[in-house]
>>> print(open('query.cif').read())   # mmCIF, C-alpha atoms and all ligand atoms; chains and numbers go by the auth columns
data_upload
loop_
_atom_site.group_PDB
_atom_site.id
_atom_site.type_symbol
_atom_site.label_atom_id
_atom_site.label_comp_id
_atom_site.label_asym_id
_atom_site.label_seq_id
_atom_site.Cartn_x
_atom_site.Cartn_y
_atom_site.Cartn_z
_atom_site.B_iso_or_equiv
_atom_site.auth_seq_id
_atom_site.auth_asym_id
ATOM 1 C CA MET A 1 45.831 127.451 237.589 0.00 1 A
ATOM 2 C CA SER A 2 47.669 128.651 240.584 0.00 2 A
ATOM 3 C CA GLU A 3 50.644 130.981 240.409 0.00 3 A
ATOM 4 C CA LYS A 4 52.716 128.180 241.838 0.00 4 A
ATOM 5 C CA ASN A 5 52.378 126.118 238.616 0.00 5 A
ATOM 6 C CA HIS A 6 53.945 128.921 236.517 0.00 6 A
ATOM 7 C CA ARG A 7 57.025 129.179 238.596 0.00 7 A
ATOM 8 C CA VAL A 8 60.266 127.987 237.070 0.00 8 A
ATOM 9 C CA SER A 9 62.105 125.594 239.260 0.00 9 A
ATOM 10 C CA ARG A 10 65.806 125.957 239.900 0.00 10 A
ATOM 11 C CA ARG A 11 66.421 122.830 237.806 0.00 11 A
ATOM 12 C CA GLN A 12 64.402 124.210 234.858 0.00 12 A
ATOM 13 C CA PHE A 13 66.177 127.581 235.083 0.00 13 A
ATOM 14 C CA LEU A 14 69.527 125.830 234.980 0.00 14 A
ATOM 15 C CA ASN A 15 68.406 123.718 232.011 0.00 15 A
ATOM 16 C CA TYR A 16 67.232 126.758 230.020 0.00 16 A
ATOM 17 C CA THR A 17 70.351 128.735 230.820 0.00 17 A
ATOM 18 C CA LEU A 18 72.760 125.945 229.938 0.00 18 A
ATOM 19 C CA THR A 19 70.865 125.132 226.727 0.00 19 A
ATOM 20 C CA GLY A 20 70.902 128.784 225.685 0.00 20 A
ATOM 21 C CA VAL A 21 74.576 129.337 226.458 0.00 21 A
ATOM 22 C CA GLY A 22 75.526 125.979 224.891 0.00 22 A
ATOM 23 C CA GLY A 23 73.562 126.784 221.739 0.00 23 A
ATOM 24 C CA PHE A 24 75.171 130.210 221.509 0.00 24 A
ATOM 25 C CA MET A 25 78.663 128.731 221.872 0.00 25 A
ATOM 26 C CA ALA A 26 77.955 125.979 219.327 0.00 26 A
ATOM 27 C CA ALA A 27 76.715 128.575 216.823 0.00 27 A
ATOM 28 C CA GLY A 28 79.874 130.604 217.415 0.00 28 A
ATOM 29 C CA MET A 29 82.016 127.583 216.587 0.00 29 A
ATOM 30 C CA LEU A 30 79.947 126.304 213.660 0.00 30 A
ATOM 31 C CA MET A 31 79.464 129.588 211.788 0.00 31 A
ATOM 32 C CA PRO A 32 83.136 130.007 210.799 0.00 32 A
ATOM 33 C CA MET A 33 83.246 126.357 209.690 0.00 33 A
ATOM 34 C CA VAL A 34 80.140 126.746 207.535 0.00 34 A
ATOM 35 C CA ARG A 35 81.467 130.018 206.164 0.00 35 A
ATOM 36 C CA PHE A 36 84.809 128.356 205.313 0.00 36 A
ATOM 37 C CA ALA A 37 83.060 125.439 203.608 0.00 37 A
ATOM 38 C CA ILE A 38 80.933 127.573 201.294 0.00 38 A
ATOM 39 C CA ASP A 39 83.317 130.517 200.889 0.00 39 A
ATOM 40 C CA PRO A 40 84.146 129.967 197.178 0.00 40 A
ATOM 41 C CA VAL A 41 80.418 129.881 196.395 0.00 41 A
ATOM 42 C CA LEU A 42 79.907 133.237 198.101 0.00 42 A
ATOM 43 C CA LYS A 43 82.638 134.979 196.153 0.00 43 A
ATOM 44 C CA THR A 44 81.231 137.000 193.290 0.00 44 A
ATOM 45 C CA GLY A 45 82.907 137.453 189.951 0.00 45 A
ATOM 46 C CA THR A 46 85.537 134.904 189.064 0.00 46 A
ATOM 47 C CA GLY A 47 86.706 137.115 186.202 0.00 47 A
ATOM 48 C CA GLN A 48 90.375 137.812 185.981 0.00 48 A
ATOM 49 C CA ASP A 49 91.463 141.407 186.557 0.00 49 A
ATOM 50 C CA MET A 50 93.529 143.259 184.024 0.00 50 A
ATOM 51 C CA VAL A 51 97.265 143.106 184.773 0.00 51 A
ATOM 52 C CA ALA A 52 99.882 145.728 183.875 0.00 52 A
ATOM 53 C CA VAL A 53 102.311 144.078 181.455 0.00 53 A
ATOM 54 C CA CYS A 54 104.400 146.714 179.673 0.00 54 A
ATOM 55 C CA GLU A 55 104.546 150.310 178.497 0.00 55 A
ATOM 56 C CA GLU A 56 102.959 151.098 175.158 0.00 56 A
ATOM 57 C CA SER A 57 106.146 152.939 174.197 0.00 57 A
ATOM 58 C CA GLU A 58 108.046 149.613 174.295 0.00 58 A
ATOM 59 C CA LEU A 59 105.914 148.125 171.517 0.00 59 A
ATOM 60 C CA THR A 60 107.110 147.887 167.937 0.00 60 A
ATOM 61 C CA ASN A 61 105.815 146.237 164.770 0.00 61 A
ATOM 62 C CA GLU A 62 107.832 143.156 165.713 0.00 62 A
ATOM 63 C CA PRO A 63 106.202 140.761 168.205 0.00 63 A
ATOM 64 C CA GLN A 64 108.010 140.811 171.553 0.00 64 A
ATOM 65 C CA SER A 65 107.601 138.387 174.408 0.00 65 A
ATOM 66 C CA PHE A 66 106.457 139.843 177.763 0.00 66 A
ATOM 67 C CA ASN A 67 106.173 137.875 180.994 0.00 67 A
ATOM 68 C CA PHE A 68 103.694 138.725 183.737 0.00 68 A
ATOM 69 C CA LYS A 69 101.820 137.073 186.613 0.00 69 A
ATOM 70 C CA ILE A 70 98.136 136.673 187.318 0.00 70 A
ATOM 71 C CA GLU A 71 96.363 135.941 190.599 0.00 71 A
ATOM 72 C CA GLN A 72 94.693 132.568 190.282 0.00 72 A
ATOM 73 C CA VAL A 73 91.967 131.474 192.692 0.00 73 A
ATOM 74 C CA ASP A 74 91.130 127.776 192.641 0.00 74 A
ATOM 75 C CA ALA A 75 88.437 127.284 195.292 0.00 75 A
ATOM 76 C CA TRP A 76 90.400 127.882 198.539 0.00 76 A
ATOM 77 C CA TYR A 77 93.827 127.978 196.914 0.00 77 A
ATOM 78 C CA GLU A 78 95.217 131.307 195.713 0.00 78 A
ATOM 79 C CA SER A 79 98.415 131.464 193.713 0.00 79 A
ATOM 80 C CA GLU A 80 100.370 133.612 191.294 0.00 80 A
ATOM 81 C CA GLU A 81 100.644 132.028 187.875 0.00 81 A
ATOM 82 C CA PRO A 82 103.224 133.077 185.275 0.00 82 A
ATOM 83 C CA ARG A 83 101.958 134.091 181.849 0.00 83 A
ATOM 84 C CA THR A 84 103.591 135.204 178.614 0.00 84 A
ATOM 85 C CA ALA A 85 102.218 137.240 175.726 0.00 85 A
ATOM 86 C CA TRP A 86 103.530 138.110 172.287 0.00 86 A
ATOM 87 C CA ILE A 87 102.663 141.783 171.823 0.00 87 A
ATOM 88 C CA TYR A 88 103.149 144.131 168.869 0.00 88 A
ATOM 89 C CA LYS A 89 101.457 146.917 166.945 0.00 89 A
ATOM 90 C CA ASP A 90 99.935 146.053 163.589 0.00 90 A
ATOM 91 C CA GLY A 91 100.127 148.220 160.455 0.00 91 A
ATOM 92 C CA SER A 92 97.229 150.379 161.714 0.00 92 A
ATOM 93 C CA GLY A 93 98.865 150.964 165.089 0.00 93 A
ATOM 94 C CA ASN A 94 96.494 148.597 166.914 0.00 94 A
ATOM 95 C CA ILE A 95 97.933 146.537 169.735 0.00 95 A
ATOM 96 C CA VAL A 96 97.870 142.776 169.202 0.00 96 A
ATOM 97 C CA ALA A 97 98.558 140.498 172.196 0.00 97 A
ATOM 98 C CA LEU A 98 98.734 136.785 171.440 0.00 98 A
ATOM 99 C CA SER A 99 98.965 133.766 173.702 0.00 99 A
ATOM 100 C CA PRO A 100 102.094 131.675 173.127 0.00 100 A
ATOM 101 C CA VAL A 101 100.214 128.421 173.787 0.00 101 A
ATOM 102 C CA CYS A 102 100.048 126.307 170.641 0.00 102 A
ATOM 103 C CA LYS A 103 96.531 125.261 169.709 0.00 103 A
ATOM 104 C CA HIS A 104 97.734 121.812 168.672 0.00 104 A
ATOM 105 C CA LEU A 105 98.974 120.250 171.905 0.00 105 A
ATOM 106 C CA GLY A 106 99.905 123.241 174.026 0.00 106 A
ATOM 107 C CA CYS A 107 103.642 123.732 173.403 0.00 107 A
ATOM 108 C CA THR A 108 105.065 127.245 173.424 0.00 108 A
ATOM 109 C CA VAL A 109 105.295 129.071 170.128 0.00 109 A
ATOM 110 C CA ASN A 110 108.055 131.555 169.343 0.00 110 A
ATOM 111 C CA TRP A 111 108.259 134.386 166.880 0.00 111 A
ATOM 112 C CA ALA A 112 110.543 133.889 163.876 0.00 112 A
ATOM 113 C CA SER A 113 112.466 131.003 165.418 0.00 113 A
ATOM 114 C CA ASP A 114 112.297 128.869 162.263 0.00 114 A
ATOM 115 C CA PRO A 115 114.823 130.134 159.664 0.00 115 A
ATOM 116 C CA ALA A 116 112.569 128.875 156.872 0.00 116 A
ATOM 117 C CA ASN A 117 109.662 131.003 158.196 0.00 117 A
ATOM 118 C CA PRO A 118 111.184 134.250 159.446 0.00 118 A
ATOM 119 C CA ASN A 119 107.866 136.159 159.679 0.00 119 A
ATOM 120 C CA ARG A 120 105.738 133.566 161.376 0.00 120 A
ATOM 121 C CA PHE A 121 105.209 132.080 164.819 0.00 121 A
ATOM 122 C CA PHE A 122 106.763 128.619 165.025 0.00 122 A
ATOM 123 C CA CYS A 123 105.967 125.721 167.313 0.00 123 A
ATOM 124 C CA PRO A 124 108.949 123.345 167.486 0.00 124 A
ATOM 125 C CA CYS A 125 107.008 120.382 168.868 0.00 125 A
ATOM 126 C CA HIS A 126 105.375 119.330 165.583 0.00 126 A
ATOM 127 C CA TYR A 127 106.427 122.150 163.232 0.00 127 A
ATOM 128 C CA GLY A 128 103.283 124.181 163.736 0.00 128 A
ATOM 129 C CA LEU A 129 103.141 127.592 162.059 0.00 129 A
ATOM 130 C CA TYR A 130 101.057 130.711 162.599 0.00 130 A
ATOM 131 C CA GLU A 131 100.920 133.983 160.689 0.00 131 A
ATOM 132 C CA LYS A 132 101.878 137.195 162.481 0.00 132 A
ATOM 133 C CA ASP A 133 98.224 137.872 163.359 0.00 133 A
ATOM 134 C CA GLY A 134 98.005 134.458 165.022 0.00 134 A
ATOM 135 C CA LYS A 135 96.137 132.688 162.231 0.00 135 A
ATOM 136 C CA ASN A 136 97.191 129.055 161.905 0.00 136 A
ATOM 137 C CA VAL A 137 98.922 128.183 158.638 0.00 137 A
ATOM 138 C CA PRO A 138 96.963 125.516 156.717 0.00 138 A
ATOM 139 C CA ASN A 139 98.517 122.070 156.423 0.00 139 A
ATOM 140 C CA THR A 140 100.433 122.435 159.703 0.00 140 A
ATOM 141 C CA PRO A 141 99.231 120.657 162.878 0.00 141 A
ATOM 142 C CA PRO A 142 97.416 123.551 164.639 0.00 142 A
ATOM 143 C CA LEU A 143 93.755 123.723 163.669 0.00 143 A
ATOM 144 C CA ALA A 144 92.913 127.100 165.237 0.00 144 A
ATOM 145 C CA PRO A 145 94.472 130.559 165.578 0.00 145 A
ATOM 146 C CA LEU A 146 96.418 131.535 168.698 0.00 146 A
ATOM 147 C CA ASP A 147 94.276 132.887 171.521 0.00 147 A
ATOM 148 C CA VAL A 148 94.120 136.656 171.845 0.00 148 A
ATOM 149 C CA TYR A 149 94.485 138.514 175.155 0.00 149 A
ATOM 150 C CA GLU A 150 91.934 141.157 176.085 0.00 150 A
ATOM 151 C CA HIS A 151 93.857 144.384 176.459 0.00 151 A
ATOM 152 C CA GLU A 152 93.493 148.021 177.388 0.00 152 A
ATOM 153 C CA VAL A 153 95.861 150.962 177.629 0.00 153 A
ATOM 154 C CA LYS A 154 95.745 153.324 180.616 0.00 154 A
ATOM 155 C CA ASP A 155 98.192 156.207 181.045 0.00 155 A
ATOM 156 C CA GLY A 156 100.600 154.625 178.582 0.00 156 A
ATOM 157 C CA THR A 157 100.592 151.217 180.299 0.00 157 A
ATOM 158 C CA VAL A 158 99.324 148.107 178.524 0.00 158 A
ATOM 159 C CA TYR A 159 97.074 145.871 180.651 0.00 159 A
ATOM 160 C CA LEU A 160 96.150 142.327 179.644 0.00 160 A
ATOM 161 C CA GLY A 161 93.210 140.238 180.766 0.00 161 A
ATOM 162 C CA ARG A 162 92.080 136.779 179.766 0.00 162 A
ATOM 163 C CA ALA A 163 93.315 135.044 176.604 0.00 163 A
ATOM 164 C CA LYS A 164 90.366 134.006 174.465 0.00 164 A
ATOM 165 C CA PRO A 165 89.945 132.240 171.117 0.00 165 A
ATOM 166 C CA LYS A 166 90.251 134.697 168.237 0.00 166 A
ATOM 167 C CA GLY A 167 86.852 136.230 167.524 0.00 167 A
ATOM 168 C CA GLU A 168 85.754 136.044 171.173 0.00 168 A
ATOM 169 C CA ALA A 169 88.401 138.487 172.420 0.00 169 A
HETATM 170 S S1 LIG B . 102.057 121.357 169.989 0.00 1 B
HETATM 171 FE FE1 LIG B . 102.472 122.906 168.545 0.00 1 B
HETATM 172 S S2 LIG B . 102.497 121.894 166.690 0.00 1 B
HETATM 173 FE FE2 LIG B . 102.029 120.347 168.093 0.00 1 B
#
>>> encode(input="query.cif", output="structure tokens", more="lines below")
Ligand code: FES
Amino acid sequence: MSEKNHRVSRRQFLNYTLTGVGGFMAAGMLMPMVRFAIDPVLKTGTGQDMVAVCEESELTNEPQSFNFKIEQVDAWYESEEPRTAWIYKDGSGNIVALSPVCKHLGCTVNWASDPANPNRFFCPCHYGLYEKDGKNVPNTPPLAPLDVYEHEVKDGTVYLGRAKPKGEA
């Protein structure tokens, strides 16, 4: 073959250059779109972080209601969701943090709001009752104990995590 056959014509050079630059620009535009589309899949650990809720010194043997917010990530949508916990110290000084969500149909339970049951959690929707430790009272609508929040204490502050069915927490 002669050297002449290996030469790149002006037209070929232009084709290669434009294809290369075009490909580079297309990749630059497509990469962010692909990244955006699969972003939730790339995120590791969907576990909820522990959130500071109250000071340990505020806790008594009587359940008290504490409100707090958690960061919720639902695919691309991030929001702050309000949460409530009933927190107290049991007879041994252990912290108990219960979810207020009734295990019957999801109404909110309150501590000692039924005069006939002054030492129990009461759900007004269908007269559900729970003992102080969250155990459902037999022959009332709820069929499971209140969920229990994971908790830890750091430097006198009580942090709560996810609420889980009793026994899993
Ligand atoms: S929702 Fe609580 S008793 Fe029905």
>>> residues_near_ligand(input="query.cif", ligand="ligand LIG 1 (chain B)", cutoff="9 Å", atoms="all atoms listed in the file", output="PyMOL selection string")
chain A and resi 101-109+122-129+140-142
>>> resolve_selection(input="query.cif", expression="the PyMOL selection byres (((chain A and resi 91-98) around 9) and not hetatm)", output="short mmCIF file (atom, residue, chain, number, x, y, z; two decimals) with C-alpha atoms, keeping the file's coordinate frame")
data_model
loop_
_atom_site.label_atom_id
_atom_site.label_comp_id
_atom_site.auth_asym_id
_atom_site.auth_seq_id
_atom_site.Cartn_x
_atom_site.Cartn_y
_atom_site.Cartn_z
CA GLU A 56 102.96 151.10 175.16
CA LEU A 59 105.91 148.12 171.52
CA ASN A 61 105.82 146.24 164.77
CA PRO A 63 106.20 140.76 168.20
CA THR A 84 103.59 135.20 178.61
CA ALA A 85 102.22 137.24 175.73
CA TRP A 86 103.53 138.11 172.29
CA ILE A 87 102.66 141.78 171.82
CA TYR A 88 103.15 144.13 168.87
CA LYS A 89 101.46 146.92 166.94
CA ASP A 90 99.94 146.05 163.59
CA SER A 99 98.96 133.77 173.70
CA PRO A 100 102.09 131.68 173.13
CA VAL A 101 100.21 128.42 173.79
CA ASP A 133 98.22 137.87 163.36
CA GLY A 134 98.00 134.46 165.02
CA LEU A 146 96.42 131.54 168.70
CA ASP A 147 94.28 132.89 171.52
CA VAL A 148 94.12 136.66 171.84
CA TYR A 149 94.48 138.51 175.16
CA GLU A 150 91.93 141.16 176.08
CA HIS A 151 93.86 144.38 176.46
CA GLU A 152 93.49 148.02 177.39
CA LEU A 160 96.15 142.33 179.64
CA ALA A 163 93.32 135.04 176.60
#
>>> axis_aligned_box(input="query.cif", around="range 129-142 of chain A", padding_each_side="3 Å", output="lines of an AutoDock Vina configuration file")
center_x = 99.6
center_y = 129.3
center_z = 160.7
size_x = 13.0
size_y = 23.2
size_z = 14.6
>>> atom_distance(input="query.cif", atom1="CA of Phe66 in chain A", atom2="CA of Ala144 in chain A")
22.4 Å
>>> residues_around(input="query.cif", residues="Pro82 in chain A", least_positions_apart="6", cutoff="10 Å", atoms="all atoms listed in the file", output="list in words")
Asn67, Phe68, Lys69, Ile70, Glu71 and Gln72 of chain A
>>> write_last_selection(input="query.cif", atoms="C-alpha atoms", output="CSV table (one decimal), in the frame of the given file")
chain,number,residue,atom,x,y,z
A,67,ASN,CA,106.2,137.9,181.0
A,68,PHE,CA,103.7,138.7,183.7
A,69,LYS,CA,101.8,137.1,186.6
A,70,ILE,CA,98.1,136.7,187.3
A,71,GLU,CA,96.4,135.9,190.6
A,72,GLN,CA,94.7,132.6,190.3
>>> atom_distance(input="query.cif", atom1="CA of Asn139 in chain A", atom2="CA of Gln64 in chain A")
25.9 Å
>>> closest_residue(input="query.cif", among="A:Leu143, A:Val8, A:Ala75, A:Leu18", to="Ile38 in chain A", atoms="all atoms listed in the file")
A:Ala75
>>> resolve_selection(input="query.cif", expression="the PyMOL selection byres (((chain A and resi 50) around 7) and not hetatm)", output="PyMOL selection string")
chain A and resi 48-49+51-52+159-161
>>> resolve_selection(input="query.cif", expression="the PyMOL selection byres (((chain A and resi 115-119) around 10) and not hetatm)", output="PyMOL selection string")
chain A and resi 62-63+111-114+120-122+129-132
>>> atom_distance(input="query.cif", atom1="CA of Asp155 in chain A", atom2="CA of Val53 in chain A")
12.8 Å
>>> closest_residue(input="query.cif", among="A:Lys154, A:Arg162, A:Arg10, A:Leu30", to="Cys54 in chain A", atoms="only C-alpha atoms")
A:Lys154
